[in-house]
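This report concerns only the one structure given below.
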Amino acid sequence: MLTVRLDKELEEKLEKIAKFTKRPKSFFVKEALREYLEDIWDVIEAQQRVNATDRELITLNEMKKMLNV
């Protein structure tokens with residue numbers, strides 16, 4: 001269980017969307033958090049790949065040649 005305090009403007013928007021869609025506010029909070037955490041995890045994975053010592057890099061020209069561009 002988690003308690004979150006929202007500012008008035010955010011709470012009002014959430015309330016309006018919940019009423020309009022006939023879904024609970026918790027649905028939108030969970031979905032927004034899930035999407036945000038996925039984005040953060042993507043950044044973390046990208047940083048790990050950049051810092052990996054065993055990564056294989058190619059130049060832009062090499063990639064263009066491989067793609068026949």
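Residues are named by chain letter and number: chains run A, B, ... in the order of the structure tokens, numbers start at 1 in each chain, and ligands are numbered from 1 in the order shown.
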
Would you give me, as a VMD selection string, the residues in chain A that DSSP reads as helix (DSSP H, G or I)?
-> chain A and resid 8 to 21 25 to 51 60 to 67

Deliver the residues from the most recent selection as a file, using C-alpha atoms, as a compact mmCIF listing (two decimals), in the first residue's frame.
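selection-v4.txt, written as the output of this step:
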```txt
# COMPACT_ATOMS: atom_id res chain seq x y z
CA LYS A 8 -4.71 20.44 -6.26
CA GLU A 9 -4.38 20.85 -10.03
CA LEU A 10 -3.20 17.28 -10.59
CA GLU A 11 -5.91 15.89 -8.30
CA GLU A 12 -8.60 17.83 -10.19
CA LYS A 13 -7.38 16.56 -13.57
CA LEU A 14 -7.24 13.01 -12.29
CA GLU A 15 -10.74 13.30 -10.84
CA LYS A 16 -12.16 14.64 -14.13
CA ILE A 17 -10.53 11.92 -16.20
CA ALA A 18 -11.71 9.23 -13.78
CA LYS A 19 -15.29 10.49 -13.93
CA PHE A 20 -15.25 10.87 -17.71
CA THR A 21 -13.88 7.38 -18.29
CA LYS A 25 -8.29 7.11 -10.10
CA SER A 26 -6.00 4.31 -8.97
CA PHE A 27 -6.15 2.83 -12.48
CA PHE A 28 -4.58 5.96 -13.98
CA VAL A 29 -2.04 6.33 -11.19
CA LYS A 30 -0.89 2.73 -11.65
CA GLU A 31 -0.73 3.05 -15.44
CA ALA A 32 1.20 6.31 -15.28
CA LEU A 33 3.65 4.90 -12.75
CA ARG A 34 4.10 1.72 -14.78
CA GLU A 35 4.91 3.71 -17.94
CA TYR A 36 7.26 6.05 -16.07
CA LEU A 37 9.15 3.20 -14.43
CA GLU A 38 9.50 1.42 -17.79
CA ASP A 39 10.99 4.60 -19.25
CA ILE A 40 13.41 4.95 -16.35
CA TRP A 41 14.41 1.30 -16.67
CA ASP A 42 15.10 1.83 -20.40
CA VAL A 43 17.46 4.69 -19.50
CA ILE A 44 19.22 2.54 -16.90
CA GLU A 45 19.68 -0.30 -19.40
CA ALA A 46 21.01 2.12 -22.02
CA GLN A 47 23.51 3.53 -19.55
CA GLN A 48 24.64 0.03 -18.64
CA ARG A 49 25.16 -0.82 -22.31
CA VAL A 50 27.13 2.38 -22.91
CA ASN A 51 29.40 1.56 -19.98
CA LEU A 60 27.86 5.75 -38.85
CA ASN A 61 29.51 5.16 -42.21
CA GLU A 62 29.82 1.43 -41.46
CA MET A 63 26.13 1.29 -40.56
CA LYS A 64 25.14 3.14 -43.74
CA LYS A 65 27.19 0.70 -45.77
CA MET A 66 25.55 -2.29 -44.04
CA LEU A 67 22.10 -0.82 -44.71
```
